[in-house]
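The file model_14.csv contains CSV, C-alpha atoms:
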chain,number,residue,atom,x,y,z
N,1,MET,CA,-24.5,-47.0,8.9
N,2,ILE,CA,-25.8,-43.4,9.0
N,3,VAL,CA,-24.8,-41.5,5.9
N,4,ALA,CA,-24.2,-37.8,6.2
N,5,ASP,CA,-26.7,-35.5,4.5
N,6,THR,CA,-25.0,-34.1,1.4
N,7,SER,CA,-27.0,-31.0,1.1
N,8,LEU,CA,-25.3,-27.9,2.4
N,9,SER,CA,-26.7,-27.0,5.8
N,10,SER,CA,-27.4,-23.4,6.5
N,11,SER,CA,-25.8,-21.8,9.5
N,12,PRO,CA,-27.3,-18.8,11.2
N,13,ARG,CA,-23.8,-17.9,12.6
N,14,ALA,CA,-22.0,-17.3,9.4
N,15,SER,CA,-23.1,-16.5,5.9
N,16,GLY,CA,-21.1,-19.1,4.0
N,17,LEU,CA,-17.5,-18.4,4.8
N,18,GLY,CA,-17.7,-17.6,8.5
N,19,CYS,CA,-16.3,-14.2,7.9
N,20,ALA,CA,-17.9,-11.1,9.3
N,21,ARG,CA,-19.1,-8.9,6.5
N,22,MET,CA,-20.0,-5.4,7.5
N,23,GLN,CA,-23.7,-4.6,7.3
N,24,ARG,CA,-25.0,-1.3,6.0
N,25,GLY,CA,-25.7,0.1,9.5
N,26,GLU,CA,-22.2,-0.8,10.6
N,27,ILE,CA,-20.6,0.9,7.6
N,28,VAL,CA,-22.7,4.0,8.4
N,29,ALA,CA,-21.5,3.9,12.1
N,30,VAL,CA,-17.8,3.7,11.1
N,31,GLY,CA,-18.3,6.4,8.4
N,32,ALA,CA,-20.1,8.6,11.0
N,33,PHE,CA,-17.2,8.3,13.4
N,34,VAL,CA,-14.6,9.3,10.7
N,35,VAL,CA,-16.8,12.2,9.5
N,36,THR,CA,-17.4,13.4,13.0
N,37,CYS,CA,-13.7,13.4,13.9
N,38,ALA,CA,-12.8,15.2,10.7
N,39,ALA,CA,-15.6,17.7,11.3
N,40,ALA,CA,-14.4,18.3,14.8
N,41,ALA,CA,-10.8,18.9,13.6
N,42,ALA,CA,-12.1,21.3,11.0
N,43,VAL,CA,-14.3,23.2,13.5
N,44,ARG,CA,-11.3,23.5,15.9
N,45,LYS,CA,-9.1,24.9,13.1
N,46,LEU,CA,-11.7,27.3,11.7
N,47,TYR,CA,-13.6,28.5,14.8
N,48,GLY,CA,-11.3,27.7,17.7
N,49,VAL,CA,-11.5,25.6,20.9
N,50,GLU,CA,-14.7,27.2,22.1
N,51,ALA,CA,-16.7,26.0,19.1
N,52,LEU,CA,-15.1,22.5,19.5
N,53,ARG,CA,-16.8,22.1,22.8
N,54,TRP,CA,-20.1,22.0,21.0
N,55,CYS,CA,-18.9,19.1,18.8
N,56,LEU,CA,-17.6,16.9,21.6
N,57,PRO,CA,-20.9,15.1,22.4
N,58,ALA,CA,-21.2,14.1,18.8
N,59,VAL,CA,-17.6,12.8,18.7
N,60,VAL,CA,-18.2,10.8,21.9
N,61,LEU,CA,-21.5,9.4,20.7
N,62,SER,CA,-20.1,8.4,17.3
N,63,GLY,CA,-17.1,6.9,19.2
N,64,VAL,CA,-19.5,4.7,21.3
N,65,LEU,CA,-21.3,3.6,18.2
N,66,TYR,CA,-18.0,2.8,16.5
N,67,LEU,CA,-17.0,0.6,19.5
N,68,ARG,CA,-20.4,-1.2,19.5
N,69,THR,CA,-20.0,-1.8,15.8
N,70,ILE,CA,-16.5,-3.3,16.2
N,71,SER,CA,-17.8,-5.4,19.1
N,72,ARG,CA,-20.6,-6.8,16.9
N,73,ILE,CA,-18.3,-7.5,14.0
N,74,VAL,CA,-15.9,-9.4,16.3
N,75,SER,CA,-18.8,-11.4,17.8
N,76,ARG,CA,-19.8,-12.6,14.3
N,77,LEU,CA,-16.3,-13.9,13.5
N,78,ASP,CA,-15.7,-17.6,13.8
N,79,GLU,CA,-13.7,-18.9,16.8
N,80,LEU,CA,-10.3,-19.0,15.1
N,81,GLN,CA,-10.7,-15.4,13.8
N,82,GLN,CA,-11.7,-14.4,17.3
N,83,ARG,CA,-8.7,-16.1,18.7
N,84,ILE,CA,-6.4,-14.3,16.2
N,85,TRP,CA,-7.9,-10.9,17.0
N,86,LEU,CA,-7.7,-11.6,20.7
N,87,GLU,CA,-4.0,-12.4,20.4
N,88,ALA,CA,-3.5,-9.3,18.2
N,89,VAL,CA,-5.2,-7.0,20.8
N,90,GLY,CA,-3.3,-8.6,23.6
N,91,PHE,CA,-0.1,-8.1,21.7
N,92,GLY,CA,-1.1,-4.5,21.1
N,93,ALA,CA,-1.9,-3.9,24.8
N,94,LEU,CA,1.4,-5.5,25.9
N,95,GLY,CA,3.3,-3.4,23.4
N,96,ILE,CA,1.8,-0.2,24.6
N,97,PHE,CA,2.5,-1.2,28.2
N,98,LEU,CA,6.1,-1.9,27.5
N,99,THR,CA,6.3,1.3,25.5
N,100,GLY,CA,5.0,3.2,28.5
N,101,ILE,CA,7.9,1.7,30.6
N,102,ILE,CA,10.7,2.1,28.0
N,103,TYR,CA,9.7,5.4,26.3
N,104,PRO,CA,10.4,7.7,29.4
N,105,MET,CA,14.0,6.4,29.4
N,106,PHE,CA,14.5,7.5,25.8
N,107,GLU,CA,12.7,10.8,26.6
N,108,LYS,CA,14.9,11.5,29.6
N,109,SER,CA,18.1,10.7,27.7
N,110,GLY,CA,17.0,13.2,25.1
N,111,VAL,CA,16.9,10.7,22.2
N,112,LEU,CA,13.2,11.2,21.6
N,113,GLY,CA,10.7,14.0,22.3
N,114,PRO,CA,7.5,13.6,24.3
N,115,LEU,CA,5.1,11.1,22.9
N,116,GLN,CA,1.9,12.7,21.5
N,117,PRO,CA,-1.5,11.0,21.8
N,118,LEU,CA,-1.6,10.5,18.0
N,119,GLY,CA,1.8,8.8,18.2
N,120,MET,CA,0.6,6.5,20.9
N,121,SER,CA,-2.5,5.6,18.8
N,122,ALA,CA,-0.2,5.0,15.8
N,123,LEU,CA,2.0,2.7,17.9
N,124,LEU,CA,-1.1,0.8,19.1
N,125,VAL,CA,-2.2,0.2,15.5
N,126,VAL,CA,1.3,-1.0,14.6
N,127,PHE,CA,1.4,-3.4,17.5
N,128,VAL,CA,-2.1,-4.8,16.8
N,129,ILE,CA,-1.3,-5.3,13.1
N,130,ALA,CA,2.0,-7.0,14.1
N,131,GLY,CA,0.2,-9.2,16.6
N,132,TYR,CA,-2.5,-10.0,14.0
N,133,LEU,CA,0.0,-11.0,11.3
N,134,GLN,CA,2.0,-13.1,13.8
N,135,ALA,CA,-1.1,-15.0,15.0
N,136,ARG,CA,-2.4,-15.4,11.5
N,137,TRP,CA,1.0,-16.8,10.4
N,138,ARG,CA,0.9,-19.3,13.2
N,139,PHE,CA,-2.6,-20.7,12.3
N,140,ARG,CA,-1.9,-20.5,8.6
E,141,MET,CA,-4.2,-33.3,18.5
E,142,LYS,CA,-4.4,-35.7,15.5
E,143,ASN,CA,-7.6,-35.9,13.5
E,144,ARG,CA,-9.1,-37.7,10.5
E,145,LEU,CA,-10.7,-34.7,9.1
E,146,ARG,CA,-8.8,-34.7,5.8
E,147,VAL,CA,-9.6,-38.3,5.1
E,148,LEU,CA,-13.3,-38.0,6.0
E,149,ARG,CA,-13.6,-34.9,3.9
E,150,ALA,CA,-11.9,-36.7,0.9
E,151,GLU,CA,-14.2,-39.7,1.3
E,152,ARG,CA,-17.2,-37.4,0.8
E,153,ASP,CA,-15.4,-35.4,-1.9
E,154,TRP,CA,-15.9,-32.2,0.0
E,155,SER,CA,-13.5,-29.3,-0.4
E,156,GLN,CA,-12.3,-27.3,2.6
E,157,SER,CA,-14.7,-24.6,1.5
E,158,ASP,CA,-17.6,-27.0,1.4
E,159,LEU,CA,-16.9,-28.2,4.9
E,160,ALA,CA,-16.4,-24.6,6.1
E,161,VAL,CA,-19.9,-23.6,4.8
E,162,ARG,CA,-21.5,-26.7,6.4
E,163,LEU,CA,-19.8,-25.8,9.7
E,164,GLY,CA,-20.4,-22.1,9.5
E,165,VAL,CA,-16.7,-21.2,9.9
E,166,SER,CA,-14.0,-19.9,7.6
E,167,ARG,CA,-11.9,-22.1,5.3
E,168,GLN,CA,-8.9,-21.0,7.3
E,169,THR,CA,-10.4,-22.5,10.4
E,170,VAL,CA,-11.0,-25.9,8.7
E,171,ASN,CA,-7.4,-25.8,7.4
E,172,ALA,CA,-6.0,-25.0,10.8
E,173,VAL,CA,-8.0,-27.8,12.4
E,174,GLU,CA,-7.0,-30.3,9.7
E,175,THR,CA,-3.3,-29.5,10.0
E,176,GLY,CA,-3.5,-29.7,13.8
E,177,LYS,CA,-2.5,-26.1,14.3
E,178,TYR,CA,-5.7,-25.3,16.0
E,179,ASP,CA,-7.8,-27.4,18.3
E,180,PRO,CA,-11.5,-26.7,17.9
E,181,SER,CA,-13.8,-25.7,20.7
E,182,LEU,CA,-16.1,-28.4,22.0
E,183,PRO,CA,-19.2,-26.9,20.2
E,184,LEU,CA,-17.3,-26.9,16.9
E,185,ALA,CA,-16.0,-30.5,17.5
E,186,PHE,CA,-19.6,-31.6,18.1
E,187,ARG,CA,-20.7,-29.8,14.9
E,188,ILE,CA,-17.9,-31.6,13.0
E,189,ALA,CA,-18.9,-34.9,14.4
E,190,ARG,CA,-22.5,-34.3,13.6
E,191,GLU,CA,-21.6,-33.3,10.0
E,192,PHE,CA,-19.8,-36.6,9.5
E,193,SER,CA,-22.3,-38.6,11.5
E,194,LEU,CA,-19.5,-39.9,13.8
E,195,ARG,CA,-18.5,-39.6,17.4
E,196,ILE,CA,-15.9,-37.0,18.4
E,197,GLU,CA,-13.4,-39.6,19.4
E,198,GLU,CA,-13.7,-41.3,16.0
E,199,ILE,CA,-12.5,-38.1,14.4
E,200,PHE,CA,-10.1,-36.6,17.0
E,201,ASP,CA,-7.3,-38.5,18.7
E,202,PRO,CA,-5.6,-36.8,21.6
E,203,GLU,CA,-2.3,-38.4,20.7
E,204,ASP,CA,-0.5,-37.2,23.9
E,205,SER,CA,-3.1,-38.5,26.3
E,206,PRO,CA,-1.5,-42.0,26.9
E,207,ALA,CA,1.9,-40.4,27.6
E,208,LEU,CA,0.3,-37.9,29.9
E,209,ILE,CA,-1.5,-40.6,31.8
E,210,THR,CA,1.7,-42.7,32.0
E,211,ASN,CA,3.7,-39.7,33.3
E,212,HIS,CA,1.0,-38.9,35.9
E,213,LEU,CA,1.0,-42.5,37.1
E,214,GLU,CA,4.8,-42.5,37.3
E,215,VAL,CA,4.7,-39.3,39.3
E,216,GLN,CA,2.2,-40.9,41.7
E,217,LYS,CA,4.5,-43.9,42.3
Turn the structure described in the file into structure tokens.
Amino acid sequence: MIVADTSLSSSPRASGLGCARMQRGEIVAVGAFVVTCAAAAAVRKLYGVEALRWCLPAVVLSGVLYLRTISRIVSRLDELQQRIWLEAVGFGALGIFLTGIIYPMFEKSGVLGPLQPLGMSALLVVFVIAGYLQARWRFR
Amino acid sequence: MKNRLRVLRAERDWSQSDLAVRLGVSRQTVNAVETGKYDPSLPLAFRIAREFSLRIEEIFDPEDSPALITNHLEVQK
């Protein structure tokens, strides 16, 4: 009978726990996005919309870097974590889709005001977190 | 899908974390597979089998397969 090797085998996919830890470059990319957005908001407030136009390429570039970073982090997750995140994002997308259908009814009835882009983003985050918690609970 | 992962792990005195490190996945994944809440992908099933030096069908048992086959045969009749 073949006995399994008792030494811990190293895996290139995951460093021990199979969880994705952020590398230094990724932390820098996320930080750069946050700083760029904050700087753009400050420029708009201090110098007006004309000055903001000069900041937009930096915001777009850091946004692309941010997306690439998130994509890399997700690709390093193990399959269950990927499944959980996939369900969370799907839940978020469906939630926003349904909101897009239902919200105009509330708006027309005068119950709620127009939905701002920031409000939409906040709703997306709430839906994704709800989806994540729900999926995580199921596979607990 | 039923599996003998917990028993095999206990025989080798491995914790869920030990097995998770060996497989390169999180402990949550090992737990979810053990409790049958999550069916592993084929590559992960092969990795598990290799880790225990067994065949996949010696670890995982598709409990509903016979019933499915029976139902399929009944439908065909």
Contacts between chain N and chain E, please, where a residue of chain E counts if it comes within 6 Å (with all atoms listed in the file); show its shortest atom pair and distance in Å to one decimal, rows by chain and ascending number, as a tab-separated table.
residue	atom	partner	partner_atom	distance
E:Val161	CA	N:Gly16	CA	4.7
E:Arg162	CA	N:Ser9	CA	5.2
E:Gly164	CA	N:Ala14	CA	5.1
E:Val165	CA	N:Gly18	CA	4.0
E:Ser166	CA	N:Gly18	CA	4.4
E:Thr169	CA	N:Leu80	CA	5.9
E:Ala172	CA	N:Phe139	CA	5.7
E:Lys177	CA	N:Phe139	CA	5.8
E:Phe192	CA	N:Ala4	CA	5.6
E:Ser193	CA	N:Ala4	CA	5.7
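Put simply, atom CA of Ile196 of chain E is 22.1 Å away from atom CA of Arg83 of chain N.
Neighbouring residues of segment 43-59 of chain N at 12 Å or closer, counting only C-alpha atoms and skipping chain neighbours under 4 positions away, are N:Ala29, N:Val30, N:Ala32, N:Phe33, N:Val34, N:Val35, N:Thr36, N:Cys37, N:Ala38, N:Ala39, N:Gly63, N:Val64, N:Leu65, N:Tyr66.
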Close residues, Gln156 of chain E itself excluded, 8 Å, all atoms listed in the file, min 6 positions apart in chain, as a tab-separated table (two decimals) with C-alpha atoms, keeping the file's coordinate frame:
chain	number	residue	atom	x	y	z
E	149	ARG	CA	-13.60	-34.90	3.90
E	167	ARG	CA	-11.90	-22.10	5.30
E	170	VAL	CA	-11.00	-25.90	8.70
E	171	ASN	CA	-7.40	-25.80	7.40
What separation in Å, quoted to one decimal, exists between atom CA of Gln82 of chain N and atom CA of Ser62 of chain N?
-> 24.3 Å
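Distance check against Leu145 of chain E using all atoms listed in the file: of E:Gln168, E:Glu174, E:Leu163, E:Arg195, the minimum falls on E:Glu174.
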May I have the centre and edge lengths, in Å to one decimal, of an axis-aligned box around the listed atoms of segment 80-90 of chain N with 6 Å added to every side, as AutoDock Vina command-line options?
--center_x -7.5 --center_y -13.0 --center_z 18.7 --size_x 20.4 --size_y 24.0 --size_z 21.8
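In this model, the gap between atom CA of Gly176 of chain E and atom CA of Ile129 of chain N comes to 24.5 Å.
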With a distance cut-off of 12 Å and only C-alpha atoms, select the neighbouring residues of Glu198 of chain E, excluding the residue or stretch itself and same-chain residues fewer than 3 positions from it, and output the selection as JSON, numbers by chain.
-> {"E": [142, 143, 144, 145, 148, 185, 186, 188, 189, 190, 192, 193, 194, 195, 201, 202]}
File of the preceding selection, C-alpha atoms, as a compact mmCIF listing (two decimals), keeping the file's coordinate frame:
# COMPACT_ATOMS: atom_id res chain seq x y z
CA LYS E 142 -4.40 -35.70 15.50
CA ASN E 143 -7.60 -35.90 13.50
CA ARG E 144 -9.10 -37.70 10.50
CA LEU E 145 -10.70 -34.70 9.10
CA LEU E 148 -13.30 -38.00 6.00
CA ALA E 185 -16.00 -30.50 17.50
CA PHE E 186 -19.60 -31.60 18.10
CA ILE E 188 -17.90 -31.60 13.00
CA ALA E 189 -18.90 -34.90 14.40
CA ARG E 190 -22.50 -34.30 13.60
CA PHE E 192 -19.80 -36.60 9.50
CA SER E 193 -22.30 -38.60 11.50
CA LEU E 194 -19.50 -39.90 13.80
CA ARG E 195 -18.50 -39.60 17.40
CA ASP E 201 -7.30 -38.50 18.70
CA PRO E 202 -5.60 -36.80 21.60
Distance query Ala135 of chain N at most 7 Å, all atoms listed in the file, self and fewer than 3 positions along chain excluded, as a ChimeraX atom specification = /N:84,87-88,131-132,138-139
Could you take the residues named above and write them with C-alpha atoms, as a tab-separated table (two decimals), in the frame of the given file?
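And here is the file that came out, selection.tsv:
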chain	number	residue	atom	x	y	z
N	84	ILE	CA	-6.40	-14.30	16.20
N	87	GLU	CA	-4.00	-12.40	20.40
N	88	ALA	CA	-3.50	-9.30	18.20
N	131	GLY	CA	0.20	-9.20	16.60
N	132	TYR	CA	-2.50	-10.00	14.00
N	138	ARG	CA	0.90	-19.30	13.20
N	139	PHE	CA	-2.60	-20.70	12.30
Nearest to Ile199 of chain E, chosen from E:Val147, E:Thr175, E:Arg152, E:Leu159, with all atoms listed in the file counted in the distances = E:Val147
Hey, could you patch up segment 146-157 of chain E with all heavy atoms and hand it over as a tab-separated table (two decimals), keeping the file's coordinate frame?
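In the end it all went to part.tsv:
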chain	number	residue	atom	x	y	z
E	146	ARG	N	-9.20	-34.69	7.20
E	146	ARG	CA	-8.80	-34.70	5.80
E	146	ARG	C	-9.36	-35.90	5.06
E	146	ARG	O	-9.92	-35.83	3.97
E	146	ARG	CB	-7.32	-34.53	5.62
E	146	ARG	CG	-6.88	-34.22	4.20
E	146	ARG	CD	-5.36	-34.13	4.13
E	146	ARG	NE	-4.83	-32.98	4.85
E	146	ARG	CZ	-4.67	-31.78	4.30
E	146	ARG	NH1	-5.00	-31.57	3.05
E	146	ARG	NH2	-4.18	-30.79	5.00
E	147	VAL	N	-9.16	-37.05	5.73
E	147	VAL	CA	-9.60	-38.30	5.10
E	147	VAL	C	-11.11	-38.37	5.00
E	147	VAL	O	-11.65	-38.72	3.94
E	147	VAL	CB	-9.12	-39.51	6.03
E	147	VAL	CG1	-9.64	-40.83	5.50
E	147	VAL	CG2	-7.60	-39.53	6.11
E	148	LEU	N	-11.79	-37.98	6.06
E	148	LEU	CA	-13.30	-38.00	6.00
E	148	LEU	C	-13.81	-37.05	4.98
E	148	LEU	O	-14.78	-37.36	4.29
E	148	LEU	CB	-13.80	-37.60	7.42
E	148	LEU	CG	-13.52	-38.59	8.55
E	148	LEU	CD1	-13.84	-37.97	9.90
E	148	LEU	CD2	-14.33	-39.87	8.36
E	149	ARG	N	-13.14	-35.94	4.85
E	149	ARG	CA	-13.60	-34.90	3.90
E	149	ARG	C	-13.36	-35.50	2.45
E	149	ARG	O	-14.23	-35.37	1.58
E	149	ARG	CB	-12.74	-33.66	4.07
E	149	ARG	CG	-13.26	-32.45	3.37
E	149	ARG	CD	-12.54	-31.22	3.86
E	149	ARG	NE	-11.09	-31.31	3.80
E	149	ARG	CZ	-10.38	-31.22	2.68
E	149	ARG	NH1	-10.98	-31.05	1.53
E	149	ARG	NH2	-9.05	-31.30	2.72
E	150	ALA	N	-12.21	-36.15	2.26
E	150	ALA	CA	-11.90	-36.70	0.90
E	150	ALA	C	-12.88	-37.84	0.58
E	150	ALA	O	-13.29	-37.97	-0.58
E	150	ALA	CB	-10.47	-37.24	0.93
E	151	GLU	N	-13.25	-38.63	1.58
E	151	GLU	CA	-14.20	-39.70	1.30
E	151	GLU	C	-15.54	-39.18	0.80
E	151	GLU	O	-16.20	-39.83	0.00
E	151	GLU	CB	-14.48	-40.47	2.65
E	151	GLU	CG	-13.40	-41.47	3.00
E	151	GLU	CD	-13.62	-42.08	4.38
E	151	GLU	OE1	-14.65	-41.75	5.04
E	151	GLU	OE2	-12.76	-42.87	4.81
E	152	ARG	N	-15.90	-38.01	1.26
E	152	ARG	CA	-17.20	-37.40	0.80
E	152	ARG	C	-17.00	-36.46	-0.34
E	152	ARG	O	-17.96	-35.82	-0.77
E	152	ARG	CB	-17.82	-36.69	2.02
E	152	ARG	CG	-18.42	-37.65	3.02
E	152	ARG	CD	-18.50	-37.03	4.39
E	152	ARG	NE	-19.05	-37.95	5.38
E	152	ARG	CZ	-18.34	-38.91	5.97
E	152	ARG	NH1	-17.06	-39.10	5.66
E	152	ARG	NH2	-18.91	-39.71	6.86
E	153	ASP	N	-15.74	-36.31	-0.77
E	153	ASP	CA	-15.40	-35.40	-1.90
E	153	ASP	C	-15.84	-33.99	-1.62
E	153	ASP	O	-16.40	-33.31	-2.47
E	153	ASP	CB	-16.12	-35.97	-3.17
E	153	ASP	CG	-15.45	-35.42	-4.42
E	153	ASP	OD1	-14.27	-35.03	-4.33
E	153	ASP	OD2	-16.11	-35.36	-5.47
E	154	TRP	N	-15.57	-33.56	-0.39
E	154	TRP	CA	-15.90	-32.20	0.00
E	154	TRP	C	-14.56	-31.39	-0.03
E	154	TRP	O	-13.53	-31.90	0.40
E	154	TRP	CB	-16.45	-32.09	1.40
E	154	TRP	CG	-17.81	-32.68	1.57
E	154	TRP	CD1	-18.69	-33.03	0.58
E	154	TRP	CD2	-18.45	-33.02	2.81
E	154	TRP	NE1	-19.83	-33.55	1.13
E	154	TRP	CE2	-19.73	-33.55	2.49
E	154	TRP	CE3	-18.09	-32.90	4.14
E	154	TRP	CZ2	-20.62	-33.98	3.46
E	154	TRP	CZ3	-18.99	-33.32	5.11
E	154	TRP	CH2	-20.24	-33.85	4.77
E	155	SER	N	-14.64	-30.19	-0.50
E	155	SER	CA	-13.50	-29.30	-0.40
E	155	SER	C	-13.48	-28.67	1.01
E	155	SER	O	-14.47	-28.78	1.74
E	155	SER	CB	-13.54	-28.21	-1.46
E	155	SER	OG	-14.64	-27.38	-1.19
E	156	GLN	N	-12.38	-28.02	1.34
E	156	GLN	CA	-12.30	-27.30	2.60
E	156	GLN	C	-13.41	-26.25	2.71
E	156	GLN	O	-14.02	-26.05	3.76
E	156	GLN	CB	-10.95	-26.69	2.84
E	156	GLN	CG	-9.86	-27.68	3.18
E	156	GLN	CD	-8.57	-27.00	3.55
E	156	GLN	OE1	-8.36	-25.82	3.25
E	156	GLN	NE2	-7.67	-27.73	4.19
E	157	SER	N	-13.65	-25.61	1.58
E	157	SER	CA	-14.70	-24.60	1.50
E	157	SER	C	-16.06	-25.16	1.79
E	157	SER	O	-16.88	-24.56	2.51
E	157	SER	CB	-14.67	-23.86	0.20
E	157	SER	OG	-13.44	-23.26	-0.01
